[in-house]
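J.: Questions regarding the structure given below will be posed in turn.
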Amino acid sequence: MAEAADFQGTSPSPARRWLRRTGALLAGVPLLAGLCQLPAASQAQAADDSGSVAVAIDTLSPSAPTDGDTVTVSGTVTNNGKQAVTSAHVDLGVGPELTTRSSIDQVTQDSDSLQGPTGSEVGGKYVAKFPKLTPGVAQPFSLTVPVDELDLGDAGVYQLAVSLSGKTAAQPWDRVLGVQRTFLPWQDDEADPKTKTTFLWPLISNVHMTAETGANAQQTPVFLNDDLAKEISAGGRLDQMLSLGEELDVTWVIDPDLLASVDAMTGRYEVQGPGDTTTPGTQQAVAKQWLARLQKAVEGQEVVALPFADPDLASLAHNGTSVTGSLSHLDEATDVAVTTVKTVLHVTPSSDFAWPVNGAVDPSIVKVATSAGADKVIARSDSLQETGGLSYTPSAARPIGGGTTAVVADARLSTAFQGDLTRASSATLAVQRFLAQSLTLGLQTNKQRSVVVAPQRMPTASQAAAMAEAISALQSGNWSEPQKLTAAAAAKPDPGATTKVPPASAYPRSLRKQELSKAAFQQIAGTQGKLDNLRVILSDQSRVVTPFGRAMNREMSTSWRGRADEASSFCNDVESYLDRLTSQVSLIDKSETKLSGRSATIPVTVQNNLVQGVEHLRLRLTSLSPNRLEIGGSSYDEQPVEVSGGHSQTVKFTTTANANGQSSVIAQLYTEDGQPYGNAVRFDVRVTEFTATVMLVIGGGVLLLVLAGFRMYTQRKRAAAREAEQNSPDDETGEAADGPENPEGPEDRLTKESGTAGPGADGPEQPSDLTADTAAESADPSGTGERVDR
């Protein structure tokens, strides 16, 4: 039918007409959309310059004015747009009054928004004018207004807006191009009652000392780097914390490890270099000066000592309690804390406060925190949140059961100085926000309350400066007075305040990601086991136990959060150094040993390269072939070992060989409790001695050889005698030459054999002359049977 309607002269059907109308409407949608976007585009173009000028409030003095004061507001305006701003002027706007803490939060969030109210303009002569603001150029301003001109009402917090208005070439009419809002606390008369405020002033740093000490009697400490020297030097972070804190009424919260590290720097110390090298430290004077100033600053002040090295309680609770021995390190860190502070600062600190990271708690954290003796846990109100619908902020102290008190720090006040406060404008806004929150809290009710402020653990120098400025303004104001932390913890709690610790599931995920892992605690436990194995053999255990004990405390430090690689490297270095020390007491390797007898001794040498002597060691020598080679009459033998520092000792073991050949022997050192110490040494023993049966056979053979030789000798002697008797001729008288009347001796035989002529017939001329064997030679032919010399 639709096809038929297209023929000329035919009327379109209803369906066809509906399709045409629908198509026309659809075709007009883009056009309508474009027409609708034209005003929006114009508005966007018109708004390009809105908010293009940045207004920064660098100073507001006084921070909390009273009647008769003159308020000075100074800062800069910067044109961040593309067009110059003409006829520019800076105005002050006051109001409206902010009556709730949440309204202060809202103004903070929208502090530079052009949409919110700016209050009533002071106007008149209290305006800063700029003929022209060039793009990208910051220009300063300063406005001074008597507080009476601000038309402030009752005590409270008022919004103070600094706005810049002007014109641009694209929009040549006066309008607001930039604004910055802050707060003006106003408490003309003394408040009654005043809020009691406790401000924690933390002296905490990263880990700086290693477990390593110099190989000398003085045990020269070795530092990871020279960063601590930079922190305590003039202008450094800790130098600033000390300089600012000594002028304030605060509670000092100190990590004893920081004191121990700086104290170690006052003497001879080394700093790690590339590889295994170290260089002498040179900041002894700086360390002495900083400690002397701190000792003076804390006189008469409250000092709270954290456990040594500020262990991460949350990590320990979530990942460490399942590892044997982890809680014992917390006990040790707590025990040594008071001693360290007393020794270095000469004051007695309070050690019954535990401070989890960011005041975040759950039941397991509270349990671990109190396991070492602390009965007060510093929590924070964004963790231990109010659930009772209170219309005001309750006091800090809350009983949470088991005799434990949660000292709940106010989250808004505690987090007021986080972030980058290096710019004066950021610091000023932080100070005014802090004061505004404090005053609003105090005006919530006429009840006396105790408030605790627990800032970040390691404030930067700029954050510390802003904190100090706020505390100074607060302590000179009319609505607050300082209070010690112990007093805040002992204050009467509000009956309506929550006392229920949040469950583990409520613990912030962001904080869990930063915790020390279970593997880290397992490594610490392994290091402790190695330390226990080493210390039992030392003549002076403190030289090793103390530095390694403190090093393992440092391995659990809160300062490793967010620095997993550095934490792992530190743990590995501690364990490696302990392994090197352990290896200094070792057995000297032996090559193959030869035994050439049934019974012999095997010497084994123990070398001690430590500075101190070792004792309570036993050396065991074990034969792997006891049927072939016995040690001390059995398969093994043990002997005690004591070696002075830098010396060696050779221990001899008696052995018995039952058969010749090769046997393997293992030498191993053991502690007195039977634990192996160090690496075993294995060597071969080659037995070359003969057994009893072989000795009898050889002995019998030798005897037979001797008898055979003797028989041959006697037979030869008899044969020689018979031959001599047969060959001897008779002399001219008819008697035998060797007859009894003239026997022949050795000398006669020697002469006869040599052919020497004897004496004449008349006898010898000298007693020593020998008689001739034959008559004198003649020229006549010899007769028959006559002997002739040739």
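Each chain of the structure tokens is named A, B, ... in the order shown, its residues numbered from 1; ligands are numbered from 1 in display order.
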Name the residues of range 196-436 of chain A that fall into alpha helix (DSSP H) according to DSSP on the backbone, using the chain letters and numbers of this document, as number ranges by chain.

T.: A: 227-232, 237-245, 256-265, 284-297, 313-315, 326-345, 363-371, 411-414, 424-436

J.: Using only C-alpha atoms, please write the residues we just selected to a file, as an mmCIF file, in the first residue's frame.

T.:
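The result, stored in result34.cif:
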```
data_model
loop_
_atom_site.group_PDB
_atom_site.id
_atom_site.type_symbol
_atom_site.label_atom_id
_atom_site.label_comp_id
_atom_site.auth_asym_id
_atom_site.auth_seq_id
_atom_site.Cartn_x
_atom_site.Cartn_y
_atom_site.Cartn_z
ATOM 1 C CA ASP A 227 69.644 12.755 57.635
ATOM 2 C CA LEU A 228 69.210 13.068 61.398
ATOM 3 C CA ALA A 229 72.016 15.614 61.521
ATOM 4 C CA LYS A 230 70.147 17.658 58.918
ATOM 5 C CA GLU A 231 66.915 17.485 60.918
ATOM 6 C CA ILE A 232 68.475 18.789 64.130
ATOM 7 C CA ARG A 237 62.568 19.956 60.869
ATOM 8 C CA LEU A 238 63.397 18.828 64.396
ATOM 9 C CA ASP A 239 65.256 22.044 65.077
ATOM 10 C CA GLN A 240 62.093 23.928 64.152
ATOM 11 C CA MET A 241 59.919 21.617 66.249
ATOM 12 C CA LEU A 242 62.125 22.296 69.255
ATOM 13 C CA SER A 243 62.370 26.046 68.693
ATOM 14 C CA LEU A 244 58.601 26.381 68.323
ATOM 15 C CA GLY A 245 57.632 23.928 71.040
ATOM 16 C CA PRO A 256 62.978 7.402 72.908
ATOM 17 C CA ASP A 257 64.764 6.099 69.815
ATOM 18 C CA LEU A 258 65.172 9.685 68.637
ATOM 19 C CA LEU A 259 66.810 10.604 71.930
ATOM 20 C CA ALA A 260 69.071 7.555 71.820
ATOM 21 C CA SER A 261 70.110 8.341 68.255
ATOM 22 C CA VAL A 262 70.933 11.986 68.927
ATOM 23 C CA ASP A 263 72.731 10.988 72.121
ATOM 24 C CA ALA A 264 74.821 8.522 70.104
ATOM 25 C CA MET A 265 75.782 11.366 67.775
ATOM 26 C CA GLN A 284 78.760 16.022 67.506
ATOM 27 C CA ALA A 285 78.453 19.707 68.403
ATOM 28 C CA VAL A 286 75.030 20.014 66.744
ATOM 29 C CA ALA A 287 73.762 16.940 68.603
ATOM 30 C CA LYS A 288 75.001 18.226 71.968
ATOM 31 C CA GLN A 289 73.408 21.611 71.404
ATOM 32 C CA TRP A 290 70.047 20.172 70.355
ATOM 33 C CA LEU A 291 69.883 17.846 73.373
ATOM 34 C CA ALA A 292 70.830 20.651 75.750
ATOM 35 C CA ARG A 293 68.029 22.822 74.365
ATOM 36 C CA LEU A 294 65.526 19.973 74.620
ATOM 37 C CA GLN A 295 66.501 19.244 78.215
ATOM 38 C CA LYS A 296 65.761 22.873 79.076
ATOM 39 C CA ALA A 297 62.527 22.959 77.057
ATOM 40 C CA LEU A 313 50.542 -1.217 67.005
ATOM 41 C CA ALA A 314 48.044 -1.807 64.197
ATOM 42 C CA SER A 315 50.510 -3.855 62.149
ATOM 43 C CA SER A 326 56.300 -10.451 68.494
ATOM 44 C CA LEU A 327 54.551 -9.124 71.589
ATOM 45 C CA SER A 328 57.693 -9.595 73.662
ATOM 46 C CA HIS A 329 59.403 -6.972 71.499
ATOM 47 C CA LEU A 330 56.648 -4.511 72.419
ATOM 48 C CA ASP A 331 57.248 -5.284 76.095
ATOM 49 C CA GLU A 332 60.964 -4.630 75.680
ATOM 50 C CA ALA A 333 60.306 -1.390 73.798
ATOM 51 C CA THR A 334 58.050 -0.186 76.612
ATOM 52 C CA ASP A 335 60.504 -1.152 79.356
ATOM 53 C CA VAL A 336 63.458 0.623 77.770
ATOM 54 C CA ALA A 337 61.471 3.777 76.951
ATOM 55 C CA VAL A 338 61.380 5.241 80.452
ATOM 56 C CA THR A 339 65.029 4.452 81.086
ATOM 57 C CA THR A 340 66.106 6.155 77.876
ATOM 58 C CA VAL A 341 64.143 9.341 78.542
ATOM 59 C CA LYS A 342 65.389 9.537 82.127
ATOM 60 C CA THR A 343 68.974 9.029 81.040
ATOM 61 C CA VAL A 344 68.966 11.585 78.232
ATOM 62 C CA LEU A 345 66.481 14.243 79.356
ATOM 63 C CA PRO A 363 39.452 -4.458 69.441
ATOM 64 C CA SER A 364 42.697 -6.179 68.422
ATOM 65 C CA ILE A 365 44.631 -2.890 68.390
ATOM 66 C CA VAL A 366 43.356 -1.987 71.846
ATOM 67 C CA LYS A 367 44.320 -5.433 73.120
ATOM 68 C CA VAL A 368 47.860 -5.169 71.776
ATOM 69 C CA ALA A 369 48.232 -1.556 72.894
ATOM 70 C CA THR A 370 47.425 -2.465 76.486
ATOM 71 C CA SER A 371 49.371 -5.731 76.524
ATOM 72 C CA ALA A 411 39.546 14.673 64.217
ATOM 73 C CA ARG A 412 38.825 18.127 62.761
ATOM 74 C CA LEU A 413 41.396 19.843 64.959
ATOM 75 C CA SER A 414 43.958 17.045 64.600
ATOM 76 C CA ALA A 424 51.680 31.419 53.418
ATOM 77 C CA SER A 425 48.093 31.420 52.140
ATOM 78 C CA SER A 426 47.644 27.705 52.859
ATOM 79 C CA ALA A 427 49.096 28.057 56.347
ATOM 80 C CA THR A 428 46.891 31.058 57.144
ATOM 81 C CA LEU A 429 43.748 29.244 56.055
ATOM 82 C CA ALA A 430 44.735 26.237 58.195
ATOM 83 C CA VAL A 431 45.267 28.398 61.269
ATOM 84 C CA GLN A 432 41.929 30.230 60.865
ATOM 85 C CA ARG A 433 40.073 26.964 60.247
ATOM 86 C CA PHE A 434 41.597 25.441 63.401
ATOM 87 C CA LEU A 435 40.613 28.438 65.526
ATOM 88 C CA ALA A 436 37.130 28.504 64.060
#
```

J.: Could you give me, as a ChimeraX atom specification, each residue of range 539-612 of chain A that DSSP assigns to strand (DSSP E) when run on this structure's backbone?

T.: /A:585-587,593-595,599-608

J.: Emit the selected residues as a PDB file, in the first residue's frame, including N, CA and C atoms.

T.:
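And here is the file that came out, result_15.pdb:
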```pdb
ATOM      1  N   VAL A 585      82.758 -16.748  64.780  1.00  0.00           N
ATOM      2  CA  VAL A 585      83.126 -17.904  65.598  1.00  0.00           C
ATOM      3  C   VAL A 585      82.840 -19.132  64.743  1.00  0.00           C
ATOM      4  N   SER A 586      83.898 -19.794  64.289  1.00  0.00           N
ATOM      5  CA  SER A 586      83.705 -20.851  63.305  1.00  0.00           C
ATOM      6  C   SER A 586      84.813 -21.881  63.404  1.00  0.00           C
ATOM      7  N   LEU A 587      84.583 -22.994  62.731  1.00  0.00           N
ATOM      8  CA  LEU A 587      85.585 -24.052  62.603  1.00  0.00           C
ATOM      9  C   LEU A 587      86.406 -23.801  61.355  1.00  0.00           C
ATOM     10  N   THR A 593      92.712 -35.965  56.297  1.00  0.00           N
ATOM     11  CA  THR A 593      93.633 -36.290  57.385  1.00  0.00           C
ATOM     12  C   THR A 593      94.034 -37.758  57.270  1.00  0.00           C
ATOM     13  N   LYS A 594      95.349 -38.040  57.487  1.00  0.00           N
ATOM     14  CA  LYS A 594      95.849 -39.414  57.409  1.00  0.00           C
ATOM     15  C   LYS A 594      96.256 -39.888  58.798  1.00  0.00           C
ATOM     16  N   LEU A 595      95.803 -41.092  59.134  1.00  0.00           N
ATOM     17  CA  LEU A 595      96.180 -41.737  60.391  1.00  0.00           C
ATOM     18  C   LEU A 595      97.034 -42.951  60.077  1.00  0.00           C
ATOM     19  N   SER A 599      95.853 -46.139  67.042  1.00  0.00           N
ATOM     20  CA  SER A 599      95.331 -45.045  67.858  1.00  0.00           C
ATOM     21  C   SER A 599      96.047 -43.760  67.481  1.00  0.00           C
ATOM     22  N   ALA A 600      95.266 -42.682  67.292  1.00  0.00           N
ATOM     23  CA  ALA A 600      95.852 -41.397  66.917  1.00  0.00           C
ATOM     24  C   ALA A 600      94.895 -40.285  67.349  1.00  0.00           C
ATOM     25  N   THR A 601      95.300 -39.035  67.205  1.00  0.00           N
ATOM     26  CA  THR A 601      94.462 -37.874  67.544  1.00  0.00           C
ATOM     27  C   THR A 601      94.185 -37.056  66.286  1.00  0.00           C
ATOM     28  N   ILE A 602      92.992 -36.466  66.264  1.00  0.00           N
ATOM     29  CA  ILE A 602      92.594 -35.583  65.169  1.00  0.00           C
ATOM     30  C   ILE A 602      92.418 -34.185  65.745  1.00  0.00           C
ATOM     31  N   PRO A 603      93.180 -33.192  65.303  1.00  0.00           N
ATOM     32  CA  PRO A 603      93.020 -31.823  65.805  1.00  0.00           C
ATOM     33  C   PRO A 603      91.959 -31.069  65.003  1.00  0.00           C
ATOM     34  N   VAL A 604      91.112 -30.295  65.693  1.00  0.00           N
ATOM     35  CA  VAL A 604      90.121 -29.437  65.078  1.00  0.00           C
ATOM     36  C   VAL A 604      90.270 -28.044  65.706  1.00  0.00           C
ATOM     37  N   THR A 605      90.323 -26.999  64.866  1.00  0.00           N
ATOM     38  CA  THR A 605      90.603 -25.644  65.353  1.00  0.00           C
ATOM     39  C   THR A 605      89.349 -24.785  65.287  1.00  0.00           C
ATOM     40  N   VAL A 606      89.082 -24.085  66.393  1.00  0.00           N
ATOM     41  CA  VAL A 606      87.972 -23.125  66.493  1.00  0.00           C
ATOM     42  C   VAL A 606      88.566 -21.723  66.472  1.00  0.00           C
ATOM     43  N   GLN A 607      88.088 -20.884  65.533  1.00  0.00           N
ATOM     44  CA  GLN A 607      88.585 -19.517  65.392  1.00  0.00           C
ATOM     45  C   GLN A 607      87.545 -18.531  65.918  1.00  0.00           C
ATOM     46  N   ASN A 608      87.958 -17.584  66.766  1.00  0.00           N
ATOM     47  CA  ASN A 608      87.084 -16.535  67.285  1.00  0.00           C
ATOM     48  C   ASN A 608      87.629 -15.176  66.854  1.00  0.00           C
TER      49      ASN A 608
END
```

J.: Which residue gives the smallest distance to Gln418 in chain A among A:Ser165, A:Gln726, A:Asn553, A:Asn358, with only C-alpha atoms counted?

T.: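 For Gln418 in chain A, the nearest of the candidates is A:Asn358.
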
J.: Quick one: of A:Gly678, A:Gly389, A:Trp252, A:Ala305, who's nearest to Thr348 in chain A, counting only C-alpha atoms?

T.: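 Of A:Gly678, A:Gly389, A:Trp252, A:Ala305, the one nearest Thr348 in chain A is A:Ala305, counting only C-alpha atoms.
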
J.: What is the distance between CA of Leu133 in chain A and CA of Gly51 in chain A, in Å to one decimal?

T.: 13.8 Å

J.: Leaving out Lys484 in chain A and any residue of its chain fewer than 4 positions from it, which residues lie within 7 Å of it when counting only C-alpha atoms, given as a VMD selection string?

T.: chain A and resid 198 251 302 488

J.: Write the residues you've just listed into a file as a short mmCIF file (atom, residue, chain, number, x, y, z; two decimals), in the first residue's frame, and include C-alpha atoms for each of them.

T.:
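again_37.cif written:
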```
data_model
loop_
_atom_site.label_atom_id
_atom_site.label_comp_id
_atom_site.auth_asym_id
_atom_site.auth_seq_id
_atom_site.Cartn_x
_atom_site.Cartn_y
_atom_site.Cartn_z
CA THR A 198 45.56 19.46 75.15
CA THR A 251 52.46 17.87 75.95
CA GLU A 302 54.61 16.95 80.63
CA ALA A 488 42.49 15.09 79.98
#
```

J.: Could you check how far CA of Tyr392 in chain A sits from CA of Thr99 in chain A, in Å to one decimal?

T.: 11.8 Å

J.: Give me the residues near range 89-98 of chain A as number ranges by chain, where near means some atom within 8 Å (using only C-alpha atoms) and where sequence neighbours in that chain fewer than 4 positions away do not count.

T.: A: 103-104, 118-123, 126-130, 141, 150, 156-166

J.: When you look at Ala354 in chain A with a cut-off of 8 Å (counting only C-alpha atoms), what residues show up, excluding the ones that are within fewer than 2 positions of it in the same chain? I need them as a PyMOL selection string.

T.: chain A and resi 306+352+356+369-370+374-378

J.: Closest to Gln444 in chain A among A:Ser505, A:Ser74, A:Thr498, A:Thr100, using only C-alpha atoms?

T.: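 Smallest distance to Gln444 in chain A is found for A:Thr100.
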
J.: Under the rule that only C-alpha atoms are counted, which of A:Gly562, A:Val614, A:Asn660, A:Phe183 is the nearest residue to Gly645 in chain A?

T.: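 So, comparing all the options, the nearest one is A:Val614.
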
J.: At a cut-off of 12 Å, using only C-alpha atoms, what residues contact Ser576 in chain A? Leave out same-chain residues fewer than 2 positions from it and give the result as an mmCIF file with C-alpha atoms, in the first residue's frame.

T.:
```cif
data_model
loop_
_atom_site.group_PDB
_atom_site.id
_atom_site.type_symbol
_atom_site.label_atom_id
_atom_site.label_comp_id
_atom_site.auth_asym_id
_atom_site.auth_seq_id
_atom_site.Cartn_x
_atom_site.Cartn_y
_atom_site.Cartn_z
ATOM 1 C CA THR A 210 71.670 0.477 62.296
ATOM 2 C CA ALA A 211 72.409 -2.602 64.384
ATOM 3 C CA GLU A 212 76.042 -2.350 63.358
ATOM 4 C CA GLN A 523 61.804 -12.318 59.678
ATOM 5 C CA GLY A 526 64.097 -15.487 62.757
ATOM 6 C CA THR A 527 66.582 -12.772 63.629
ATOM 7 C CA LYS A 530 69.762 -16.281 65.652
ATOM 8 C CA LEU A 531 70.483 -13.694 68.323
ATOM 9 C CA PHE A 548 70.279 -5.938 68.137
ATOM 10 C CA SER A 569 66.136 -3.458 53.244
ATOM 11 C CA PHE A 570 66.631 -2.501 56.884
ATOM 12 C CA CYS A 571 65.433 -5.900 58.118
ATOM 13 C CA ASN A 572 67.716 -7.692 55.672
ATOM 14 C CA ASP A 573 70.695 -5.611 56.744
ATOM 15 C CA VAL A 574 70.088 -6.377 60.428
ATOM 16 C CA LEU A 578 74.022 -10.762 62.712
ATOM 17 C CA ASP A 579 74.993 -13.597 60.358
ATOM 18 C CA ARG A 580 78.398 -11.996 59.862
ATOM 19 C CA LEU A 581 78.944 -11.747 63.596
ATOM 20 C CA THR A 582 77.848 -15.338 64.105
ATOM 21 C CA SER A 583 80.280 -16.505 61.426
#
```
